[in-house]
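One file, entry.cif, is given below (mmCIF, C-alpha atoms (C1' of nucleotides)).
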data_query
loop_
_atom_site.label_atom_id
_atom_site.label_comp_id
_atom_site.auth_asym_id
_atom_site.auth_seq_id
_atom_site.Cartn_x
_atom_site.Cartn_y
_atom_site.Cartn_z
CA MET A 915 0.00 0.00 0.00
CA THR A 916 1.21 3.48 -0.86
CA ILE A 917 -0.18 6.78 0.33
CA VAL A 918 -0.09 9.46 -2.36
CA ARG A 919 -0.42 13.14 -1.62
CA LEU A 920 -0.94 15.70 -4.40
CA GLY A 921 0.43 19.22 -4.48
CA TYR A 922 0.63 22.14 -6.89
CA VAL A 923 2.90 25.00 -7.79
CA ALA A 924 3.05 28.50 -6.36
CA MET A 925 -0.21 30.07 -7.55
CA SER A 926 -3.95 29.54 -7.86
CA MET A 927 -6.22 29.89 -10.86
CA ASN A 928 -9.13 30.45 -8.45
CA LEU A 929 -8.03 33.24 -6.12
CA GLN A 930 -8.23 36.75 -7.56
CA ASN A 931 -5.36 39.21 -7.13
CA CYS A 932 -3.34 36.69 -5.24
CA SER A 933 0.02 36.51 -6.97
CA PRO A 934 2.92 35.64 -4.64
CA SER A 935 5.38 36.67 -7.37
CA LYS A 936 4.70 40.33 -8.05
CA THR A 937 7.86 42.16 -8.94
CA MET A 938 9.45 45.41 -9.98
CA THR A 939 12.01 45.52 -12.78
CA PHE A 940 15.39 47.04 -12.08
CA THR A 941 14.75 49.58 -14.83
CA GLN A 942 11.69 50.81 -12.93
CA PHE A 943 13.57 50.77 -9.65
CA GLU A 944 16.19 53.09 -11.14
CA LYS A 945 13.58 55.48 -12.47
CA ILE A 946 12.50 56.36 -8.94
CA LYS A 947 14.82 59.20 -7.93
CA ASP A 948 14.35 58.79 -4.16
CA ARG A 949 16.17 55.54 -3.41
CA GLU A 950 14.51 55.10 -0.02
CA ALA A 951 11.10 55.42 -1.63
CA ALA A 952 12.12 52.91 -4.27
CA ILE A 953 13.21 50.41 -1.62
CA ALA A 954 10.01 51.05 0.33
CA LYS A 955 8.15 50.07 -2.81
CA LEU A 956 10.12 46.84 -3.10
CA GLU A 957 9.37 46.08 0.54
CA LYS A 958 5.68 46.68 0.03
CA ILE A 959 5.65 44.26 -2.89
CA ALA A 960 7.51 41.62 -0.87
CA LYS A 961 5.15 41.97 2.09
CA ASN A 962 2.17 41.66 -0.20
CA ASN A 963 3.63 38.58 -1.89
CA ILE A 964 4.04 36.92 1.49
CA ALA A 965 0.50 37.86 2.50
CA ASN A 966 -0.75 36.33 -0.75
CA CYS A 967 1.34 33.27 -0.02
CA LEU A 968 -0.61 32.78 3.22
CA ARG A 969 -3.88 33.17 1.32
CA LEU A 970 -2.70 30.44 -1.04
CA LEU A 971 -1.87 28.14 1.87
CA LYS A 972 -5.32 28.70 3.39
CA HIS A 973 -6.94 28.00 0.03
CA SER A 974 -4.90 24.81 -0.22
CA VAL A 975 -5.81 23.50 3.22
CA ALA A 976 -9.46 24.37 2.58
CA ASN A 977 -9.23 21.88 -0.29
CA ASP A 978 -7.25 19.29 1.71
CA VAL A 979 -4.09 20.09 -0.27
CA ARG A 980 -1.17 19.83 2.11
CA PHE A 981 1.68 19.90 -0.38
CA PHE A 982 2.66 23.18 -2.01
CA ARG A 983 5.58 24.78 -3.81
CA LEU A 984 6.36 28.28 -2.60
CA SER A 985 7.20 30.93 -5.16
CA SER A 986 10.91 31.74 -5.39
CA LYS A 987 9.99 35.25 -6.48
CA LEU A 988 8.61 36.42 -3.13
CA ILE A 989 11.18 39.22 -2.84
CA PRO A 990 11.71 41.35 -5.95
CA LEU A 991 15.36 42.09 -6.83
CA ALA A 992 16.43 40.38 -3.60
CA ASN A 993 19.91 39.49 -4.78
CA HIS A 994 20.55 42.25 -7.26
CA ASP A 995 24.08 43.63 -7.06
CA GLU A 996 22.88 47.23 -6.82
CA LEU A 997 20.77 46.35 -3.76
CA HIS A 998 23.42 44.60 -1.70
CA ASP A 999 22.85 47.06 1.17
CA TRP A 1000 19.11 46.32 1.34
CA HIS A 1001 18.30 44.08 4.31
CA TYR A 1002 15.14 42.71 2.80
CA MET A 1003 14.41 40.28 5.62
CA ASN A 1004 13.96 42.97 8.28
CA ASN A 1005 10.38 43.84 7.40
CA LEU A 1006 9.24 40.37 6.53
CA TYR A 1007 9.30 38.54 9.84
CA ASP A 1008 5.72 39.42 10.80
CA GLY A 1009 4.32 38.06 7.57
CA LEU A 1010 6.53 35.01 7.66
CA GLY A 1011 5.54 34.45 11.30
CA GLU A 1012 1.88 34.32 10.30
CA ILE A 1013 2.76 31.66 7.76
CA ALA A 1014 4.70 29.82 10.45
CA ASP A 1015 1.66 29.86 12.76
CA PHE A 1016 -0.55 28.56 9.98
CA LEU A 1017 1.90 25.80 9.05
CA ASP A 1018 2.18 24.80 12.72
CA ALA A 1019 -1.58 24.38 12.90
CA HIS A 1020 -1.84 22.29 9.71
CA GLN A 1021 0.25 19.34 8.65
CA MET A 1022 1.63 20.71 5.44
CA ARG A 1023 4.71 20.13 3.29
CA VAL A 1024 5.99 23.21 1.50
CA ASP A 1025 9.21 23.69 -0.39
CA PHE A 1026 10.96 25.75 -3.06
CA HIS A 1027 12.24 25.25 -6.59
CA PRO A 1028 14.77 28.07 -7.14
CA ASP A 1029 14.86 28.89 -10.84
CA HIS A 1030 17.49 28.21 -13.46
CA PHE A 1031 19.83 31.02 -12.45
CA VAL A 1032 21.01 28.87 -9.56
CA VAL A 1033 23.77 26.81 -11.18
CA LEU A 1034 25.99 24.96 -8.75
CA ASN A 1035 28.19 23.21 -11.31
CA SER A 1036 29.43 26.35 -13.05
CA SER A 1037 33.19 26.81 -13.23
CA ASN A 1038 32.61 30.56 -13.05
CA SER A 1039 32.99 31.39 -9.36
CA GLU A 1040 30.82 34.51 -9.68
CA ILE A 1041 27.89 32.41 -10.84
CA VAL A 1042 28.41 29.95 -7.99
CA LYS A 1043 28.65 32.85 -5.57
CA MET A 1044 25.37 34.35 -6.78
CA SER A 1045 23.77 30.94 -6.65
CA LEU A 1046 24.79 30.50 -3.01
CA LYS A 1047 23.45 33.95 -2.24
CA THR A 1048 20.09 32.97 -3.71
CA LEU A 1049 20.09 29.74 -1.73
CA ARG A 1050 20.82 31.65 1.47
CA MET A 1051 17.76 33.79 0.76
CA HIS A 1052 15.67 30.63 0.50
CA GLU A 1053 17.14 29.39 3.76
CA GLN A 1054 16.27 32.63 5.52
CA LEU A 1055 12.71 32.51 4.22
CA LEU A 1056 12.33 28.95 5.46
CA LYS A 1057 13.67 29.89 8.87
CA GLY A 1058 11.30 32.87 8.94
CA MET A 1059 8.48 30.38 8.41
CA ARG A 1060 9.96 28.18 11.18
CA ILE A 1061 10.40 25.33 8.69
CA ASN A 1062 13.33 22.99 9.16
CA PRO A 1063 15.27 23.79 5.94
CA GLU A 1064 16.27 20.17 5.41
CA HIS A 1065 15.29 19.01 1.90
CA ARG A 1066 13.19 22.03 1.02
CA CYS A 1067 14.86 23.21 -2.21
CA VAL A 1068 14.94 21.17 -5.39
CA LEU A 1069 17.53 22.08 -8.03
CA HIS A 1070 18.62 20.96 -11.45
CA ILE A 1071 22.22 19.85 -11.81
CA GLY A 1072 23.21 22.66 -14.19
CA GLY A 1073 24.96 23.00 -17.53
CA ALA A 1074 26.81 20.36 -19.55
CA TYR A 1075 29.41 22.78 -20.95
CA ASP A 1076 30.16 20.36 -23.81
CA ASP A 1077 31.44 17.65 -21.47
CA LYS A 1078 28.82 16.03 -19.30
CA GLU A 1079 31.21 13.84 -17.32
CA LYS A 1080 33.38 16.80 -16.51
CA ALA A 1081 30.31 18.85 -15.61
CA LEU A 1082 29.23 16.17 -13.12
CA GLU A 1083 32.66 16.14 -11.54
CA GLN A 1084 32.56 19.95 -11.40
CA PHE A 1085 29.32 19.63 -9.45
CA ILE A 1086 31.03 17.38 -6.94
CA HIS A 1087 33.95 19.77 -6.69
CA ASN A 1088 31.68 22.79 -6.18
CA TRP A 1089 29.62 20.88 -3.62
CA GLY A 1090 32.60 21.28 -1.32
CA LEU A 1091 32.13 25.06 -1.57
CA VAL A 1092 28.51 24.86 -0.46
CA PRO A 1093 28.01 25.44 3.29
CA VAL A 1094 26.72 22.32 5.04
CA SER A 1095 23.46 24.00 6.09
CA LEU A 1096 22.72 24.72 2.41
CA GLN A 1097 23.80 21.24 1.33
CA LYS A 1098 21.21 19.79 3.69
CA MET A 1099 18.53 22.01 2.19
CA LEU A 1100 18.88 20.63 -1.32
CA MET A 1101 17.36 17.90 -3.47
CA LEU A 1102 18.35 17.14 -7.09
CA GLU A 1103 16.07 16.54 -10.05
CA ASN A 1104 16.65 14.84 -13.40
CA ASP A 1105 16.15 17.30 -16.26
CA ASP A 1106 14.76 16.91 -19.78
CA THR A 1107 17.80 17.78 -21.90
CA THR A 1108 21.10 17.14 -20.14
CA PHE A 1109 21.22 15.22 -16.88
CA ASN A 1110 18.98 12.18 -16.73
CA MET A 1111 17.90 9.92 -13.90
CA ASN A 1112 21.21 8.02 -13.88
CA ASP A 1113 23.21 11.23 -13.72
CA ALA A 1114 21.10 12.61 -10.88
CA LEU A 1115 21.29 9.31 -8.98
CA TYR A 1116 25.05 9.24 -9.42
CA LEU A 1117 25.33 12.60 -7.64
CA CYS A 1118 22.58 11.92 -5.11
CA GLU A 1119 24.13 8.66 -3.96
CA LYS A 1120 27.62 10.09 -3.87
CA LEU A 1121 26.66 13.25 -1.98
CA GLY A 1122 23.79 11.94 0.15
CA VAL A 1123 21.10 14.08 -1.47
CA PRO A 1124 17.48 13.02 -2.07
CA HIS A 1125 16.54 12.56 -5.73
CA VAL A 1126 13.34 14.14 -6.97
CA PHE A 1127 12.28 11.97 -9.90
CA ASP A 1128 10.54 13.86 -12.69
CA TYR A 1129 8.65 11.29 -14.74
CA HIS A 1130 7.89 13.64 -17.64
CA HIS A 1131 11.54 14.71 -17.88
CA HIS A 1132 12.52 11.07 -17.87
CA LEU A 1133 10.16 10.31 -20.77
CA ALA A 1134 11.57 13.30 -22.65
CA TYR A 1135 15.22 12.41 -22.06
CA HIS A 1136 16.93 9.22 -20.89
CA ASP A 1137 19.66 6.87 -22.00
CA GLU A 1138 17.69 3.83 -20.96
CA SER A 1139 13.93 3.97 -20.90
CA ASP A 1140 13.53 1.47 -18.06
CA TRP A 1141 13.30 3.75 -15.03
CA GLU A 1142 11.69 1.06 -12.87
CA GLN A 1143 14.91 -0.87 -12.35
CA HIS A 1144 16.37 2.27 -10.73
CA TRP A 1145 13.29 3.28 -8.75
CA GLY A 1146 14.60 1.49 -5.66
CA ARG A 1147 17.69 3.67 -5.76
CA VAL A 1148 15.49 6.76 -5.89
CA VAL A 1149 13.63 5.60 -2.78
CA ASN A 1150 16.91 4.86 -1.02
CA THR A 1151 18.13 8.43 -1.47
CA TRP A 1152 15.23 9.43 0.81
CA GLU A 1153 16.13 7.04 3.58
CA GLY A 1154 17.87 9.61 5.72
CA SER A 1155 15.17 12.24 5.21
CA GLY A 1156 12.37 13.12 7.58
CA LEU A 1157 10.16 13.72 4.55
CA PRO A 1158 8.35 11.33 2.19
CA VAL A 1159 9.67 10.70 -1.32
CA LYS A 1160 8.92 13.65 -3.58
CA MET A 1161 8.10 13.43 -7.29
CA HIS A 1162 7.29 15.77 -10.14
CA ILE A 1163 4.33 14.95 -12.34
CA SER A 1164 3.48 16.75 -15.57
CA SER A 1165 2.26 15.83 -19.04
CA PRO A 1166 3.59 16.75 -22.48
CA LYS A 1167 1.80 19.60 -24.22
CA ASN A 1168 1.69 17.55 -27.44
CA GLU A 1169 3.86 15.23 -29.57
CA LYS A 1170 5.68 18.09 -31.22
CA GLU A 1171 6.28 20.13 -28.09
CA PHE A 1172 6.79 17.13 -25.88
CA ARG A 1173 8.89 18.86 -23.26
CA ALA A 1174 6.47 21.72 -22.66
CA HIS A 1175 3.93 21.37 -19.86
CA SER A 1176 0.31 20.82 -20.78
CA ASP A 1177 -2.61 22.55 -19.10
CA TYR A 1178 -3.73 19.42 -17.27
CA ILE A 1179 -2.39 16.00 -16.28
CA ASP A 1180 -2.90 12.92 -18.43
CA VAL A 1181 -4.58 10.63 -15.92
CA GLN A 1182 -3.62 7.42 -17.70
CA MET A 1183 0.04 8.37 -17.73
CA PHE A 1184 -0.17 9.09 -14.02
CA MET A 1185 -1.94 5.79 -13.32
CA ASP A 1186 0.71 3.90 -15.31
CA PHE A 1187 3.32 5.44 -13.08
CA LEU A 1188 1.42 4.70 -9.86
CA THR A 1189 0.84 1.11 -10.91
CA SER A 1190 4.58 0.68 -11.25
CA ILE A 1191 5.51 2.10 -7.87
CA LYS A 1192 2.62 1.08 -5.64
CA GLY A 1193 3.79 -0.90 -2.66
CA SER A 1194 7.44 0.04 -3.20
CA VAL A 1195 7.22 2.97 -0.84
CA ASN A 1196 4.93 3.93 2.05
CA ARG A 1197 4.33 7.50 1.03
CA VAL A 1198 4.96 9.58 -2.05
CA ASP A 1199 4.21 13.27 -2.54
CA CYS A 1200 3.47 14.19 -6.15
CA MET A 1201 3.95 17.77 -7.23
CA ILE A 1202 1.58 18.52 -10.10
CA GLU A 1203 3.29 20.83 -12.58
CA ALA A 1204 0.64 21.98 -15.03
CA LYS A 1205 -0.33 25.28 -16.54
CA GLN A 1206 -3.72 25.21 -14.85
CA LYS A 1207 -2.05 24.94 -11.42
CA ASP A 1208 -4.58 24.07 -8.68
CA ASN A 1209 -7.29 23.47 -11.26
CA ALA A 1210 -5.11 20.79 -12.86
CA LEU A 1211 -4.88 19.11 -9.46
CA PHE A 1212 -8.65 19.26 -8.95
CA GLN A 1213 -9.22 17.90 -12.46
CA LEU A 1214 -6.78 15.06 -11.83
CA VAL A 1215 -8.61 14.15 -8.62
CA HIS A 1216 -11.83 14.09 -10.61
CA ASP A 1217 -10.30 11.89 -13.31
CA LEU A 1218 -8.84 9.48 -10.75
CA LYS A 1219 -12.28 8.77 -9.23
CA LYS A 1220 -13.03 6.19 -11.91
CA TYR A 1221 -10.20 3.94 -10.73
CA GLY A 1222 -11.56 1.50 -8.19
CA GLU A 1223 -8.17 0.56 -6.74
CA ILE A 1224 -7.83 4.06 -5.30
CA LYS A 1225 -9.16 4.69 -1.80
CA TRP A 1226 -9.55 8.35 -1.01
CA ILE A 1227 -8.29 9.66 2.33
CA ASP A 1228 -9.43 13.22 1.67
CA LYS A 1229 -9.90 15.48 -1.34
CA ALA A 1230 -6.22 15.49 -2.32
CA SER A 1231 -4.66 12.29 -0.99
CA PHE A 1232 -5.35 8.60 -1.38
CA GLU A 1233 -4.16 5.04 -0.87
CA ILE A 1234 -3.38 2.64 -3.67
CA ASP A 1235 -2.85 -1.09 -3.19
"C1'" DG B 1167 -8.73 47.26 -21.47
"C1'" DA B 1168 -6.29 44.62 -24.96
"C1'" DG B 1169 -2.04 43.45 -27.09
"C1'" DA B 1170 2.83 43.64 -27.92
"C1'" DG B 1171 7.29 43.89 -26.25
"C1'" DT B 1172 10.43 43.62 -22.16
"C1'" DC B 1173 12.53 41.82 -17.93
"C1'" DA B 1174 18.61 40.76 -13.15
"C1'" DA B 1175 20.17 36.57 -13.32
"C1'" DG B 1176 22.20 31.12 -17.27
"C1'" DT B 1177 22.81 27.90 -21.00
"C1'" DT B 1178 22.54 26.41 -25.53
"C1'" DC B 1179 21.97 26.88 -30.28
"C1'" DC B 1180 22.61 29.41 -34.40
"C1'" DT B 1181 24.93 32.48 -37.33
"C1'" DA C 1318 31.45 37.24 -30.86
"C1'" DG C 1319 26.78 38.26 -30.58
"C1'" DG C 1320 21.91 37.43 -30.70
"C1'" DA C 1321 17.77 34.60 -30.25
"C1'" DA C 1322 15.42 30.76 -28.12
"C1'" DC C 1323 14.38 28.45 -24.12
"C1'" DT C 1324 10.31 29.25 -20.62
"C1'" DT C 1325 7.72 32.13 -17.67
"C1'" DG C 1326 4.57 35.33 -14.99
"C1'" DA C 1327 4.39 39.82 -14.48
"C1'" DC C 1328 5.33 44.51 -15.87
"C1'" DT C 1329 5.27 48.55 -19.09
"C1'" DC C 1330 4.12 50.94 -22.88
"C1'" DT C 1331 1.07 51.94 -26.70
"C1'" DC C 1332 -3.11 52.41 -28.71
#
Structure re-expressed in structure tokens:
Amino acid sequence: MTIVRLGYVAMSMNLQNCSPSKTMTFTQFEKIKDREAAIAKLEKIAKNNIANCLRLLKHSVANDVRFFRLSSKLIPLANHDELHDWHYMNNLYDGLGEIADFLDAHQMRVDFHPDHFVVLNSSNSEIVKMSLKTLRMHEQLLKGMRINPEHRCVLHIGGAYDDKEKALEQFIHNWGLVPVSLQKMLMLENDDTTFNMNDALYLCEKLGVPHVFDYHHHLAYHDESDWEQHWGRVVNTWEGSGLPVKMHISSPKNEKEFRAHSDYIDVQMFMDFLTSIKGSVNRVDCMIEAKQKDNALFQLVHDLKKYGEIKWIDKASFEID
DNA sequence: GAGAGTCAAGTTCCT
DNA sequence: AGGAACTTGACTCTC
């Protein structure tokens, strides 16, 4: 028996005016002559993003969804070079504290997926430095929400730079430059063009990092199609974690644009996957990555109702035998 | 208000 | 060497 919990990404198609990712471009920032006023504007946006984040969490719990990806764009221009003197965290603790209180009251798994500017295997030390800065911001946000940062940020491995083997070794080298507290925060995902499941598992096993298996990425890019023979290794990378195995689920937009995300999830593809893994692991949390966000999750739940082998626990989690 | 073009950041592909 | 695509939600400007 396996317990499956569904989650969705960062924003809702149902809540109005509830973006957690509002921003201000640097160009606009510079246009405001009074720098203090400009920073005040950034702070207002950040506060509002965090308030909207709490609204999203409440909306999720109201629908039994207890798995959610936080936006990595909560703080506009947070790590911009020209704003290095801005202590963006100072005004955010109240808002983050409210999220902390809410999370304390509800069993909920939240985490981050910093975007593609975080590249840990770069041989350019400036890029690695900026990447670490961005990861430290994520760590501070997690601490502000009183979340144990362990295994709360999923990353891609990075660039191939024309030599994949070398790029993997560069990752291992650079890993030594990553502070231990940040190392503990990370998980690694297989991508859809460069580093497949085997590559990610190689690093995860070597460095003691949980592997987030992305089934759609695997279908788009692999050197052997049989992922099932390695599934046990995926599960093993989670052994030392206090959290259940985490997965990414999405569906191809169409044959031609296979790698792009579709609006909704192909229920048969998802069931094929579940049928393969059921019983191999006690719990698995599936992050639904679809253009229609929470609506894609609700639609998937609806589509899953026709499968008799699924026993529903609540509106967004179930058991499968 | 709708629609087109732009945005801090990286990598890869194309010329 | 330099520019566009990638992929993305939100912003900004124009009409």
Practice prompt. Kindly determine which residues of chain C lie within 12 Å of chain A, considering all atoms listed in the file, and give the answer as number ranges by chain.
Written response: C: 1323-1329
Worksheet, complete the sentence: note - CA of Leu1049 (chain A) and CA of Val1094 (chain A) are separated by 12.0 Å
Discussion item. Evaluate the PyMOL selection byres ((chain B and resi 1168) around 12) against this structure - the residues, as an MDAnalysis selection string, please.
Written reply: (chainID B and resid 1167 1169:1170) or (chainID C and resid 1331:1332)
Atoms to include: C-alpha atoms (C1' of nucleotides). Write the selected residues as a JSON list (two decimals), in the coordinates of the input.
[["chain", "number", "residue", "atom", "x", "y", "z"],
["B", 1167, "DG", "C1'", -8.73, 47.26, -21.47],
["B", 1169, "DG", "C1'", -2.04, 43.45, -27.09],
["B", 1170, "DA", "C1'", 2.83, 43.64, -27.92],
["C", 1331, "DT", "C1'", 1.07, 51.94, -26.70],
["C", 1332, "DC", "C1'", -3.11, 52.41, -28.71]]
Worksheet entry | Atom-to-atom span, CA of Glu1103 (chain A) and CA of Val1198 (chain A), Å |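 CA of Glu1103 (chain A) sits 15.4 Å away from CA of Val1198 (chain A).
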Worksheet entry | Within 12 Å of DA1175 (chain B) using only C-alpha atoms (C1' of nucleotides), minus same-chain residues under 4 positions, as a list of chain:residue names |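 What passes the distance filter is A:Phe940, A:Leu991, A:Ala992, A:Asn993, A:His994, A:Asp995, A:Pro1028, A:Asp1029, A:His1030, A:Phe1031, A:Val1032, A:Val1033, A:Glu1040, A:Ile1041, A:Val1042, A:Met1044, A:Ser1045, A:Lys1047, A:Thr1048.
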Worksheet item: Hey, can you check how far CA of Asp1228 (chain A) sits from CA of Gly1009 (chain A)?
Response: 29.0 Å
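Put simply, the PyMOL selection byres ((chain B) within 8 of (chain A)) on this file hits DC1173, DA1174, DA1175, DG1176 and DT1177 of chain B.
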Discussion item. Nearest residue to Tyr1129 (chain A) out of A:Asn1209, A:Ser974, A:Ser1095, A:Ser1164, using all atoms listed in the file?
Written reply: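 Once distances to Tyr1129 (chain A) are computed over all atoms listed in the file, the minimum belongs to A:Ser1164.
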Practice prompt. Using the chain letters and numbering of this document, enumerate as an MDAnalysis selection string the residues selected by the PyMOL selection byres ((chain A and resi 1105-1115) around 8).
Written response: chainID A and resid 1070:1071 1073:1074 1078 1082 1102:1104 1116:1119 1125 1127:1128 1130:1132 1134:1137 1141 1147:1148 1173
Could you work out an axis-aligned box for chain C, taking every atom the file lists and adding 6 Å on each side, and report centre and edge lengths in Å to one decimal, as lines of an AutoDock Vina configuration file?
center_x = 14.2
center_y = 40.4
center_z = -22.7
size_x = 46.6
size_y = 36.0
size_z = 28.4
Practice prompt. Select, from A:Lys1120, A:His1175, A:His1001, A:His1020, the residue with the minimum atom-to-atom distance to Val979 (chain A), counting all atoms listed in the file.
Written response: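 Closest candidate: A:His1020.
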